[in-house]
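A.B. asks: Sharing data.pdb below, PDB, C-alpha atoms:
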MODEL        1
ATOM      1  CA  MET A   1      31.499   8.456  -4.920
ATOM      2  CA  ILE A   2      27.838   9.369  -5.104
ATOM      3  CA  LEU A   3      26.656  12.990  -5.239
ATOM      4  CA  SER A   4      23.592  14.535  -3.695
ATOM      5  CA  MET A   5      21.215  16.461  -5.945
ATOM      6  CA  THR A   6      20.760  19.259  -3.405
ATOM      7  CA  GLY A   7      23.352  21.975  -3.152
ATOM      8  CA  TYR A   8      24.229  25.641  -3.481
ATOM      9  CA  GLY A   9      26.953  27.583  -5.244
ATOM     10  CA  ASP A  10      27.566  31.282  -5.780
ATOM     11  CA  ALA A  11      30.088  33.707  -7.260
ATOM     12  CA  GLN A  12      30.527  37.497  -7.274
ATOM     13  CA  ARG A  13      32.633  39.959  -9.216
ATOM     14  CA  THR A  14      32.875  43.713  -9.755
ATOM     15  CA  THR A  15      34.300  44.917 -13.063
ATOM     16  CA  ASP A  16      34.412  48.549 -14.312
ATOM     17  CA  GLY A  17      31.759  49.642 -11.841
ATOM     18  CA  VAL A  18      29.470  46.715 -12.676
ATOM     19  CA  SER A  19      28.711  44.213  -9.879
ATOM     20  CA  TYR A  20      27.696  40.666 -10.772
ATOM     21  CA  ALA A  21      26.127  38.209  -8.292
ATOM     22  CA  LEU A  22      25.409  34.670  -9.457
ATOM     23  CA  GLU A  23      23.622  31.906  -7.534
ATOM     24  CA  ILE A  24      22.912  28.259  -8.363
ATOM     25  CA  ARG A  25      20.532  26.213  -6.228
ATOM     26  CA  SER A  26      19.693  22.588  -6.999
ATOM     27  CA  LEU A  27      16.931  20.335  -5.703
ATOM     28  CA  ASN A  28      15.788  16.787  -6.411
ATOM     29  CA  ASN A  29      14.407  15.888  -9.806
ATOM     30  CA  ARG A  30      14.363  12.707 -11.841
ATOM     31  CA  TYR A  31      15.882  14.608 -14.767
ATOM     32  CA  LEU A  32      17.943  17.774 -15.225
ATOM     33  CA  LYS A  33      15.604  20.767 -15.257
ATOM     34  CA  PRO A  34      17.438  24.112 -15.449
ATOM     35  CA  SER A  35      15.618  27.357 -14.684
ATOM     36  CA  ILE A  36      17.749  30.301 -15.858
ATOM     37  CA  LYS A  37      17.063  33.914 -14.861
ATOM     38  CA  LEU A  38      19.222  36.586 -16.488
ATOM     39  CA  PRO A  39      18.919  40.380 -16.684
ATOM     40  CA  GLU A  40      17.283  41.559 -19.865
ATOM     41  CA  HIS A  41      20.523  42.700 -21.496
ATOM     42  CA  LEU A  42      22.146  39.283 -20.837
ATOM     43  CA  GLN A  43      19.320  37.042 -21.986
ATOM     44  CA  PHE A  44      21.174  36.300 -25.210
ATOM     45  CA  LEU A  45      23.484  34.115 -23.062
ATOM     46  CA  GLU A  46      20.746  31.741 -21.871
ATOM     47  CA  SER A  47      21.524  28.913 -24.301
ATOM     48  CA  GLU A  48      25.254  29.079 -23.529
ATOM     49  CA  VAL A  49      24.582  29.004 -19.796
ATOM     50  CA  GLU A  50      22.337  25.969 -20.204
ATOM     51  CA  LYS A  51      25.121  24.169 -22.105
ATOM     52  CA  LEU A  52      27.504  24.805 -19.205
ATOM     53  CA  LEU A  53      24.997  23.455 -16.690
ATOM     54  CA  ARG A  54      24.250  20.336 -18.730
ATOM     55  CA  ALA A  55      27.962  19.646 -19.213
ATOM     56  CA  ARG A  56      28.575  19.451 -15.447
ATOM     57  CA  LEU A  57      25.240  18.368 -13.929
ATOM     58  CA  VAL A  58      23.158  15.262 -14.652
ATOM     59  CA  ARG A  59      20.007  15.429 -12.524
ATOM     60  CA  GLY A  60      18.108  17.930 -10.420
ATOM     61  CA  THR A  61      16.018  21.069 -10.622
ATOM     62  CA  VAL A  62      18.675  23.760 -11.048
ATOM     63  CA  ASN A  63      17.720  27.376 -10.326
ATOM     64  CA  TYR A  64      20.294  29.702 -11.872
ATOM     65  CA  THR A  65      20.100  33.455 -11.202
ATOM     66  CA  VAL A  66      22.331  36.357 -12.213
ATOM     67  CA  ARG A  67      21.882  39.851 -10.741
ATOM     68  CA  VAL A  68      23.737  42.850 -12.140
ATOM     69  CA  ARG A  69      24.129  46.292 -10.601
ATOM     70  CA  ASP A  70      25.607  48.838 -12.994
ATOM     71  CA  THR A  71      26.461  52.295 -11.617
ATOM     72  CA  SER A  72      28.128  53.530 -14.796
ATOM     73  CA  ALA A  73      26.593  56.000 -17.254
ATOM     74  CA  GLU A  74      26.431  53.271 -19.888
ATOM     75  CA  ALA A  75      23.759  51.531 -17.813
ATOM     76  CA  ALA A  76      21.115  54.103 -18.767
ATOM     77  CA  TYR A  77      18.258  52.710 -20.863
ATOM     78  CA  GLU A  78      17.685  54.239 -24.268
ATOM     79  CA  ILE A  79      14.376  55.958 -24.927
ATOM     80  CA  ASN A  80      12.624  54.885 -28.094
ATOM     81  CA  VAL A  81      11.505  58.333 -29.226
ATOM     82  CA  ALA A  82       9.242  56.996 -31.979
ATOM     83  CA  ALA A  83       7.396  54.715 -29.581
ATOM     84  CA  LEU A  84       7.122  57.470 -26.966
ATOM     85  CA  GLN A  85       5.705  59.911 -29.571
ATOM     86  CA  THR A  86       3.123  57.337 -30.655
ATOM     87  CA  TYR A  87       1.925  56.911 -27.052
ATOM     88  CA  LEU A  88       1.801  60.691 -26.531
ATOM     89  CA  ASP A  89      -0.206  61.175 -29.729
ATOM     90  CA  GLN A  90      -2.725  58.574 -28.583
ATOM     91  CA  LEU A  91      -2.949  60.143 -25.124
ATOM     92  CA  SER A  92      -3.473  63.609 -26.692
ATOM     93  CA  ALA A  93      -6.404  62.225 -28.656
ATOM     94  CA  VAL A  94      -7.872  60.801 -25.456
ATOM     95  CA  LYS A  95      -7.492  64.137 -23.604
ATOM     96  CA  HIS A  96      -9.901  65.808 -26.041
ATOM     97  CA  THR A  97     -12.669  63.490 -24.823
ATOM     98  CA  GLY A  98     -12.242  64.361 -21.134
ATOM     99  CA  ASN A  99     -10.013  65.530 -18.309
ATOM    100  CA  VAL A 100      -7.077  63.078 -18.496
ATOM    101  CA  SER A 101      -3.711  63.710 -16.811
ATOM    102  CA  VAL A 102      -0.517  62.256 -18.235
ATOM    103  CA  ASP A 103       2.085  60.753 -15.863
ATOM    104  CA  LEU A 104       5.465  60.782 -17.611
ATOM    105  CA  ALA A 105       6.857  58.004 -15.386
ATOM    106  CA  ALA A 106       3.922  55.781 -16.302
ATOM    107  CA  VAL A 107       4.434  56.547 -19.994
ATOM    108  CA  LEU A 108       8.122  55.649 -19.794
ATOM    109  CA  ALA A 109       7.149  52.283 -18.243
ATOM    110  CA  LEU A 110       4.979  51.367 -21.245
ATOM    111  CA  PRO A 111       6.232  48.508 -23.467
ATOM    112  CA  GLY A 112       8.880  49.531 -26.008
ATOM    113  CA  VAL A 113       9.540  53.030 -24.635
ATOM    114  CA  CYS A 114      12.671  52.305 -22.602
ATOM    115  CA  GLN A 115      15.072  49.716 -23.928
ATOM    116  CA  PRO A 116      18.425  48.458 -22.657
ATOM    117  CA  PRO A 117      21.408  49.670 -24.679
ATOM    118  CA  GLU A 118      22.395  47.409 -27.543
ATOM    119  CA  LEU A 119      25.626  45.486 -27.010
ATOM    120  CA  ASP A 120      28.057  45.236 -29.877
ATOM    121  CA  GLU A 121      29.923  42.008 -30.602
ATOM    122  CA  SER A 122      32.933  42.816 -28.429
ATOM    123  CA  ALA A 123      30.671  43.800 -25.510
ATOM    124  CA  ARG A 124      28.752  40.541 -25.882
ATOM    125  CA  GLU A 125      31.970  38.529 -25.804
ATOM    126  CA  ARG A 126      33.159  40.449 -22.748
ATOM    127  CA  GLN A 127      29.877  39.804 -20.921
ATOM    128  CA  TRP A 128      29.991  36.113 -21.823
ATOM    129  CA  GLY A 129      33.545  35.823 -20.505
ATOM    130  CA  ILE A 130      32.473  37.237 -17.151
ATOM    131  CA  VAL A 131      29.322  35.113 -16.888
ATOM    132  CA  GLU A 132      31.159  31.961 -17.996
ATOM    133  CA  ALA A 133      33.856  32.408 -15.338
ATOM    134  CA  LEU A 134      31.308  33.110 -12.609
ATOM    135  CA  THR A 135      29.196  30.140 -13.668
ATOM    136  CA  SER A 136      32.160  27.765 -13.547
ATOM    137  CA  GLU A 137      33.102  29.039 -10.086
ATOM    138  CA  ALA A 138      29.549  28.627  -8.780
ATOM    139  CA  ILE A 139      29.231  25.122 -10.258
ATOM    140  CA  GLU A 140      32.470  24.091  -8.511
ATOM    141  CA  LYS A 141      31.065  25.258  -5.169
ATOM    142  CA  LEU A 142      27.793  23.497  -5.913
ATOM    143  CA  LEU A 143      29.606  20.232  -6.663
ATOM    144  CA  VAL A 144      31.645  20.506  -3.453
ATOM    145  CA  MET A 145      28.445  20.783  -1.427
ATOM    146  CA  ARG A 146      26.852  17.965  -3.398
ATOM    147  CA  GLY A 147      29.909  15.830  -2.686
ATOM    148  CA  GLU A 148      29.760  16.520   1.060
ATOM    149  CA  GLU A 149      26.084  15.593   1.187
ATOM    150  CA  GLY A 150      26.804  12.604  -1.057
ATOM    151  CA  ARG A 151      29.289  11.224   1.468
ATOM    152  CA  ALA A 152      26.655  11.461   4.192
ATOM    153  CA  LEU A 153      24.153   9.740   1.877
ATOM    154  CA  ARG A 154      26.636   6.958   1.138
ATOM    155  CA  THR A 155      27.193   6.284   4.830
ATOM    156  CA  ASP A 156      23.457   6.156   5.447
ATOM    157  CA  LEU A 157      22.729   3.923   2.448
ATOM    158  CA  LEU A 158      25.509   1.448   3.241
ATOM    159  CA  GLY A 159      24.264   1.292   6.818
ATOM    160  CA  HIS A 160      20.827   0.299   5.532
ATOM    161  CA  THR A 161      22.195  -2.351   3.159
ATOM    162  CA  ALA A 162      24.300  -3.828   5.982
ATOM    163  CA  ALA A 163      21.164  -4.073   8.118
ATOM    164  CA  ILE A 164      19.311  -5.745   5.234
ATOM    165  CA  ARG A 165      22.113  -8.312   4.912
ATOM    166  CA  LYS A 166      21.828  -9.115   8.615
ATOM    167  CA  GLU A 167      18.086  -9.710   8.325
ATOM    168  CA  LEU A 168      18.577 -11.722   5.123
ATOM    169  CA  ALA A 169      21.178 -13.927   6.820
ATOM    170  CA  ALA A 170      18.627 -14.706   9.528
ATOM    171  CA  VAL A 171      16.098 -15.624   6.826
ATOM    172  CA  ALA A 172      18.592 -17.928   5.093
ATOM    173  CA  GLU A 173      19.384 -19.610   8.415
ATOM    174  CA  ARG A 174      15.707 -20.152   9.082
ATOM    175  CA  VAL A 175      14.842 -21.631   5.653
ATOM    176  CA  PRO A 176      15.958 -25.288   6.290
ATOM    177  CA  LEU A 177      14.040 -25.395   9.569
ATOM    178  CA  VAL A 178      10.768 -24.410   7.877
ATOM    179  CA  VAL A 179      10.530 -27.698   5.959
ATOM    180  CA  VAL A 180      11.619 -29.754   8.982
ATOM    181  CA  GLU A 181       8.992 -28.152  11.205
ATOM    182  CA  TYR A 182       6.328 -28.560   8.535
ATOM    183  CA  HIS A 183       7.216 -32.279   8.270
ATOM    184  CA  LYS A 184       6.866 -32.671  12.038
ATOM    185  CA  ARG A 185       3.531 -30.826  12.172
ATOM    186  CA  LEU A 186       2.158 -32.748   9.211
ATOM    187  CA  THR A 187       3.270 -36.094  10.622
ATOM    188  CA  GLN A 188       1.728 -35.310  13.987
ATOM    189  CA  ARG A 189      -1.552 -34.180  12.486
ATOM    190  CA  VAL A 190      -1.766 -37.155  10.124
ATOM    191  CA  ASN A 191      -1.056 -39.569  12.946
ATOM    192  CA  GLU A 192      -3.836 -38.025  14.998
ATOM    193  CA  LEU A 193      -6.326 -38.334  12.145
ATOM    194  CA  ILE A 194      -5.237 -41.843  11.272
ATOM    195  CA  GLY A 195      -5.469 -42.892  14.910
ATOM    196  CA  GLN A 196      -9.042 -41.676  15.103
ATOM    197  CA  ALA A 197     -10.055 -43.329  11.833
ATOM    198  CA  LYS A 198      -7.922 -46.419  12.372
ATOM    199  CA  LEU A 199      -6.323 -45.949   8.946
ATOM    200  CA  LYS A 200      -2.778 -46.286   7.694
ATOM    201  CA  LEU A 201      -0.895 -43.763   5.498
ATOM    202  CA  ALA A 202       2.094 -44.757   3.439
ATOM    203  CA  GLU A 203       5.306 -42.913   4.367
ATOM    204  CA  GLN A 204       5.943 -42.144   0.716
ATOM    205  CA  ASP A 205       2.686 -40.191   0.502
ATOM    206  CA  LEU A 206       3.746 -38.123   3.472
ATOM    207  CA  ALA A 207       7.173 -37.539   1.917
ATOM    208  CA  LYS A 208       5.545 -36.457  -1.357
ATOM    209  CA  GLU A 209       3.423 -33.880   0.436
ATOM    210  CA  VAL A 210       6.444 -32.487   2.266
ATOM    211  CA  ALA A 211       8.362 -32.301  -1.034
ATOM    212  CA  VAL A 212       5.537 -30.322  -2.643
ATOM    213  CA  PHE A 213       5.524 -27.909   0.299
ATOM    214  CA  ALA A 214       9.309 -27.530   0.158
ATOM    215  CA  GLU A 215       9.210 -26.683  -3.543
ATOM    216  CA  ARG A 216       6.348 -24.249  -3.120
ATOM    217  CA  CYS A 217       8.053 -22.277  -0.327
ATOM    218  CA  ASP A 218      11.602 -22.462  -1.708
ATOM    219  CA  ILE A 219      13.046 -18.930  -1.562
ATOM    220  CA  SER A 220      16.702 -19.731  -2.226
ATOM    221  CA  GLU A 221      16.645 -18.020  -5.642
ATOM    222  CA  GLU A 222      15.070 -14.876  -4.205
ATOM    223  CA  ILE A 223      17.655 -14.761  -1.422
ATOM    224  CA  ALA A 224      20.460 -15.138  -3.968
ATOM    225  CA  ARG A 225      19.047 -12.374  -6.201
ATOM    226  CA  LEU A 226      18.532 -10.009  -3.270
ATOM    227  CA  THR A 227      22.096 -10.687  -2.124
ATOM    228  CA  CYS A 228      23.350  -9.916  -5.636
ATOM    229  CA  HIS A 229      21.337  -6.661  -5.745
ATOM    230  CA  LEU A 230      22.861  -5.605  -2.425
ATOM    231  CA  GLU A 231      26.379  -6.231  -3.753
ATOM    232  CA  GLN A 232      25.679  -4.197  -6.901
ATOM    233  CA  PHE A 233      24.150  -1.427  -4.805
ATOM    234  CA  ASP A 234      27.248  -1.133  -2.608
ATOM    235  CA  GLN A 235      29.543  -1.146  -5.643
ATOM    236  CA  LEU A 236      27.582   1.676  -7.274
ATOM    237  CA  CYS A 237      27.825   3.744  -4.084
ATOM    238  CA  ASP A 238      31.618   3.688  -4.512
ATOM    239  CA  SER A 239      31.747   4.031  -8.291
ATOM    240  CA  LYS A 240      32.753   7.212 -10.116
ATOM    241  CA  GLN A 241      29.715   7.210 -12.380
ATOM    242  CA  HIS A 242      26.442   9.032 -11.731
ATOM    243  CA  ALA A 243      24.500   6.213 -10.096
ATOM    244  CA  GLY A 244      21.178   7.753  -9.024
ATOM    245  CA  ARG A 245      18.944   6.085 -11.621
ATOM    246  CA  LYS A 246      20.647   2.683 -11.241
ATOM    247  CA  LEU A 247      20.380   2.828  -7.459
ATOM    248  CA  ASP A 248      16.702   3.689  -7.797
ATOM    249  CA  PHE A 249      16.165   0.688 -10.096
ATOM    250  CA  LEU A 250      18.055  -1.671  -7.755
ATOM    251  CA  SER A 251      16.049  -0.531  -4.753
ATOM    252  CA  GLN A 252      12.836  -1.350  -6.623
ATOM    253  CA  GLU A 253      14.204  -4.792  -7.520
ATOM    254  CA  MET A 254      15.220  -5.396  -3.898
ATOM    255  CA  LEU A 255      11.697  -4.607  -2.750
ATOM    256  CA  ARG A 256      10.265  -6.980  -5.357
ATOM    257  CA  GLU A 257      12.470  -9.846  -4.122
ATOM    258  CA  ALA A 258      11.575  -9.099  -0.510
ATOM    259  CA  ASN A 259       7.863  -9.207  -1.348
ATOM    260  CA  THR A 260       8.307 -12.571  -3.073
ATOM    261  CA  ILE A 261      10.203 -13.977  -0.088
ATOM    262  CA  GLY A 262       7.411 -12.863   2.225
ATOM    263  CA  SER A 263       4.662 -14.369   0.093
ATOM    264  CA  LYS A 264       6.414 -17.721  -0.526
ATOM    265  CA  SER A 265       8.049 -18.435   2.826
ATOM    266  CA  ASN A 266       4.874 -19.439   4.702
ATOM    267  CA  ASP A 267       6.651 -18.902   8.025
ATOM    268  CA  SER A 268       5.913 -16.312  10.729
ATOM    269  CA  THR A 269       9.553 -15.918  11.764
ATOM    270  CA  ILE A 270      10.688 -15.225   8.191
ATOM    271  CA  ALA A 271       7.709 -12.895   7.784
ATOM    272  CA  ARG A 272       8.945 -10.779  10.698
ATOM    273  CA  HIS A 273      12.394 -10.513   9.135
ATOM    274  CA  VAL A 274      10.824  -9.584   5.790
ATOM    275  CA  VAL A 275       8.893  -6.752   7.456
ATOM    276  CA  GLU A 276      12.202  -5.372   8.751
ATOM    277  CA  ILE A 277      13.844  -5.795   5.328
ATOM    278  CA  LYS A 278      11.012  -3.976   3.558
ATOM    279  CA  GLY A 279      11.169  -1.128   6.068
ATOM    280  CA  LEU A 280      14.903  -0.755   5.422
ATOM    281  CA  ILE A 281      14.410  -0.865   1.649
ATOM    282  CA  ASP A 282      11.773   1.867   1.908
ATOM    283  CA  ARG A 283      14.303   4.066   3.692
ATOM    284  CA  VAL A 284      16.841   3.245   0.965
ATOM    285  CA  LYS A 285      14.320   4.237  -1.719
ATOM    286  CA  GLU A 286      13.691   7.568   0.005
ATOM    287  CA  GLN A 287      17.387   8.368   0.262
ATOM    288  CA  VAL A 288      18.141   7.291  -3.311
ATOM    289  CA  GLN A 289      15.800  10.043  -4.532
ATOM    290  CA  ASN A 290      18.491  12.498  -3.348
ATOM    291  CA  VAL A 291      21.307  10.895  -5.369
ATOM    292  CA  GLU A 292      22.388  12.420  -8.695
TER     293      GLU A 292
ENDMDL
END
What is this structure when it is put down as C-alpha cells?
C.D. replies:
Amino acid sequence: MILSMTGYGDAQRTTDGVSYALEIRSLNNRYLKPSIKLPEHLQFLESEVEKLLRARLVRGTVNYTVRVRDTSAEAAYEINVAALQTYLDQLSAVKHTGNVSVDLAAVLALPGVCQPPELDESARERQWGIVEALTSEAIEKLLVMRGEEGRALRTDLLGHTAAIRKELAAVAERVPLVVVEYHKRLTQRVNELIGQAKLKLAEQDLAKEVAVFAERCDISEEIARLTCHLEQFDQLCDSKQHAGRKLDFLSQEMLREANTIGSKSNDSTIARHVVEIKGLIDRVKEQVQNVE
C-alpha cells in the first residue's frame, strides 16, 4: 500500500507539573528533510529525535516541534552572576560619560545572563524517555493519516492507469489500419500520376515503399513497453515497499514511450489518443509527487 507524504501527528502529556505538546507535520519532498525545534533545555535530544524520524519515515519535509510548559519551581532559569556583574561594570563605566538609565529586565535578557538549569544524567534520561514516547505516538498518528491519504492516491492513480490502458488499446487496434490506408492512398495517388504521364509502375516498387513506411511507423515495441510500465506501476501501488521514487521513474518512462508513439505513428487518429494518454500521464506525474 502506498503512503502519502503529507500528514499530521501529535501527542501530549503532563508529568510532575510539566506539560509537553509535540507536533509532527510532513509535506512533499524528494528526500527526507527533518526540521526539529526543541526547547533550549532539550536541544541535546535533537540527534536522537532525528534518528527516530529517519527510522520510520523515508521522504518528505518533516516539521517536528516540541513545546514545554513547566509550572514547577525547578523551571526557574539560573542567573549567571559573573556575567551579570560584567555587564553591570560596563554599564557603570558608560554612566560616567552621560545620563544613562539601566533597565534590569533588559540586562537579564542579555546573552549569558540567564541560563536554563543544568540537567544531570538521570534527568536527561527521564526527559528522553518522555520525548521518545511522545514522538513514537505522534509518528503513529502521522502514518495513519499518510495511509488514509495513500489509499485515496492509489484509487486515483489506478483510475488514471486504467484510462491510459483504454486509450492504448484503441491505438493498438488502429495500428494495422494505418499501413492499409497508406497503401490505398499511395496506390491511388500513383495511379493518378501514372495515368497523367502514361507511365507504368511495377507493383513490387509500390510494395517496397509501403514496407518502408510500415517499418518507419511501427510502434508495436513502444506499445509493449508502455503496457509493461503500466503493469509495473499497478504492482508497485499494491506493494509493501516505499514506491514513490520508482513510481516517479515509471511515469517519466511512460511519457517517453507516449511521445515516441506520437512521433512515429504518422496518423491523426492515433495522435488524438496519444494526446489523451499524455494528459493522463501528466496527472499521474503530479500525483506521484505526493507518494512516499
A.B. asks: How far is it from atom CA of Arg245 of chain A to atom CA of Val291 of chain A, in Å with one decimal?
C.D. replies: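 Atom-to-atom, atom CA of Arg245 of chain A and atom CA of Val291 of chain A are spaced 8.2 Å apart.
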A.B. asks: If the PyMOL selection byres ((chain A and resi 131-142) around 9) is run on the structure shown, which residues does it catch, given as JSON, numbers by chain?
C.D. replies: {"A": [6, 7, 8, 9, 10, 11, 12, 13, 20, 21, 22, 23, 24, 25, 26, 45, 48, 49, 52, 53, 56, 57, 66, 126, 127, 128, 129, 130, 143, 144, 145, 146, 147]}
A.B. asks: For the selection just defined, write its residues with C-alpha atoms to a file, as a short mmCIF file (atom, residue, chain, number, x, y, z; two decimals), in the frame of the given file.
C.D. replies:
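Here's the written file out.cif:
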data_model
loop_
_atom_site.label_atom_id
_atom_site.label_comp_id
_atom_site.auth_asym_id
_atom_site.auth_seq_id
_atom_site.Cartn_x
_atom_site.Cartn_y
_atom_site.Cartn_z
CA THR A 6 20.76 19.26 -3.40
CA GLY A 7 23.35 21.98 -3.15
CA TYR A 8 24.23 25.64 -3.48
CA GLY A 9 26.95 27.58 -5.24
CA ASP A 10 27.57 31.28 -5.78
CA ALA A 11 30.09 33.71 -7.26
CA GLN A 12 30.53 37.50 -7.27
CA ARG A 13 32.63 39.96 -9.22
CA TYR A 20 27.70 40.67 -10.77
CA ALA A 21 26.13 38.21 -8.29
CA LEU A 22 25.41 34.67 -9.46
CA GLU A 23 23.62 31.91 -7.53
CA ILE A 24 22.91 28.26 -8.36
CA ARG A 25 20.53 26.21 -6.23
CA SER A 26 19.69 22.59 -7.00
CA LEU A 45 23.48 34.12 -23.06
CA GLU A 48 25.25 29.08 -23.53
CA VAL A 49 24.58 29.00 -19.80
CA LEU A 52 27.50 24.80 -19.20
CA LEU A 53 25.00 23.46 -16.69
CA ARG A 56 28.58 19.45 -15.45
CA LEU A 57 25.24 18.37 -13.93
CA VAL A 66 22.33 36.36 -12.21
CA ARG A 126 33.16 40.45 -22.75
CA GLN A 127 29.88 39.80 -20.92
CA TRP A 128 29.99 36.11 -21.82
CA GLY A 129 33.54 35.82 -20.50
CA ILE A 130 32.47 37.24 -17.15
CA LEU A 143 29.61 20.23 -6.66
CA VAL A 144 31.64 20.51 -3.45
CA MET A 145 28.44 20.78 -1.43
CA ARG A 146 26.85 17.96 -3.40
CA GLY A 147 29.91 15.83 -2.69
#
A.B. asks: Taking all atoms listed in the file into account, which of A:Leu88, A:Ala271, A:Ile277, A:Ile219 comes nearest Leu168 of chain A?
C.D. replies: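 Among A:Leu88, A:Ala271, A:Ile277, A:Ile219, it is A:Ile277 that comes nearest to Leu168 of chain A.
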A.B. asks: Residues picked by the PyMOL selection byres ((chain A and resi 227-238) around 12) here, as JSON, numbers by chain?
C.D. replies: {"A": [1, 2, 3, 4, 150, 151, 152, 153, 154, 155, 156, 157, 158, 159, 160, 161, 162, 163, 164, 165, 166, 167, 168, 169, 171, 172, 220, 221, 222, 223, 224, 225, 226, 239, 240, 241, 242, 243, 244, 245, 246, 247, 248, 249, 250, 251, 252, 253, 254, 255, 256, 257, 258, 277, 281, 284, 285, 288, 291, 292]}
A.B. asks: Can you tell me how far atom CA of Gly279 of chain A sits from atom CA of Leu27 of chain A, in Å to one decimal?
C.D. replies: 25.1 Å
A.B. asks: So the first atom is atom CA of Ala123 of chain A and the second is atom CA of Val68 of chain A; what is the distance between them in Å, to one decimal place?
C.D. replies: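 Pair atom CA of Ala123 of chain A / atom CA of Val68 of chain A returns 15.1 Å.
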A.B. asks: Find, counting all atoms listed in the file, the residue in A:Val274, A:Ser265, A:Arg69, A:Arg283 that gets nearest to Thr15 of chain A.
C.D. replies: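 Nearest to Thr15 of chain A: A:Arg69.
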A.B. asks: Return as lines of an AutoDock Vina configuration file the centre and edge lengths, in Å with one decimal, of the box along x, y and z that encloses every atom of segment 144-155 of chain A in the file, padded by 5 Å per side.
C.D. replies:
center_x = 27.9
center_y = 13.5
center_z = 0.7
size_x = 17.5
size_y = 24.5
size_z = 18.3
A.B. asks: Take the PyMOL selection byres ((chain A and resi 29) around 7), apply it to the structure above, and return the hits as a ChimeraX atom specification.
C.D. replies: /A:27-28,30-32,59-61
A.B. asks: Need a file for segment 9-24 of chain A from that block: C-alpha atoms, written as a PDB file, in the first residue's frame.
C.D. replies:
ATOM      1  CA  GLY A   9       0.551  13.677  14.116  1.00  0.00           C
ATOM      2  CA  ASP A  10       0.588  14.992  17.668  1.00  0.00           C
ATOM      3  CA  ALA A  11       0.941  13.845  21.272  1.00  0.00           C
ATOM      4  CA  GLN A  12       0.543  15.483  24.695  1.00  0.00           C
ATOM      5  CA  ARG A  13       1.469  14.574  28.242  1.00  0.00           C
ATOM      6  CA  THR A  14       1.633  16.218  31.665  1.00  0.00           C
ATOM      7  CA  THR A  15       4.159  14.844  34.146  1.00  0.00           C
ATOM      8  CA  ASP A  16       5.041  16.344  37.572  1.00  0.00           C
ATOM      9  CA  GLY A  17       3.562  19.707  36.650  1.00  0.00           C
ATOM     10  CA  VAL A  18       5.332  19.802  33.279  1.00  0.00           C
ATOM     11  CA  SER A  19       3.145  19.821  30.137  1.00  0.00           C
ATOM     12  CA  TYR A  20       4.574  18.542  26.860  1.00  0.00           C
ATOM     13  CA  ALA A  21       2.959  19.158  23.445  1.00  0.00           C
ATOM     14  CA  LEU A  22       4.540  17.574  20.382  1.00  0.00           C
ATOM     15  CA  GLU A  23       3.544  18.061  16.735  1.00  0.00           C
ATOM     16  CA  ILE A  24       4.815  16.500  13.504  1.00  0.00           C
TER      17      ILE A  24
END
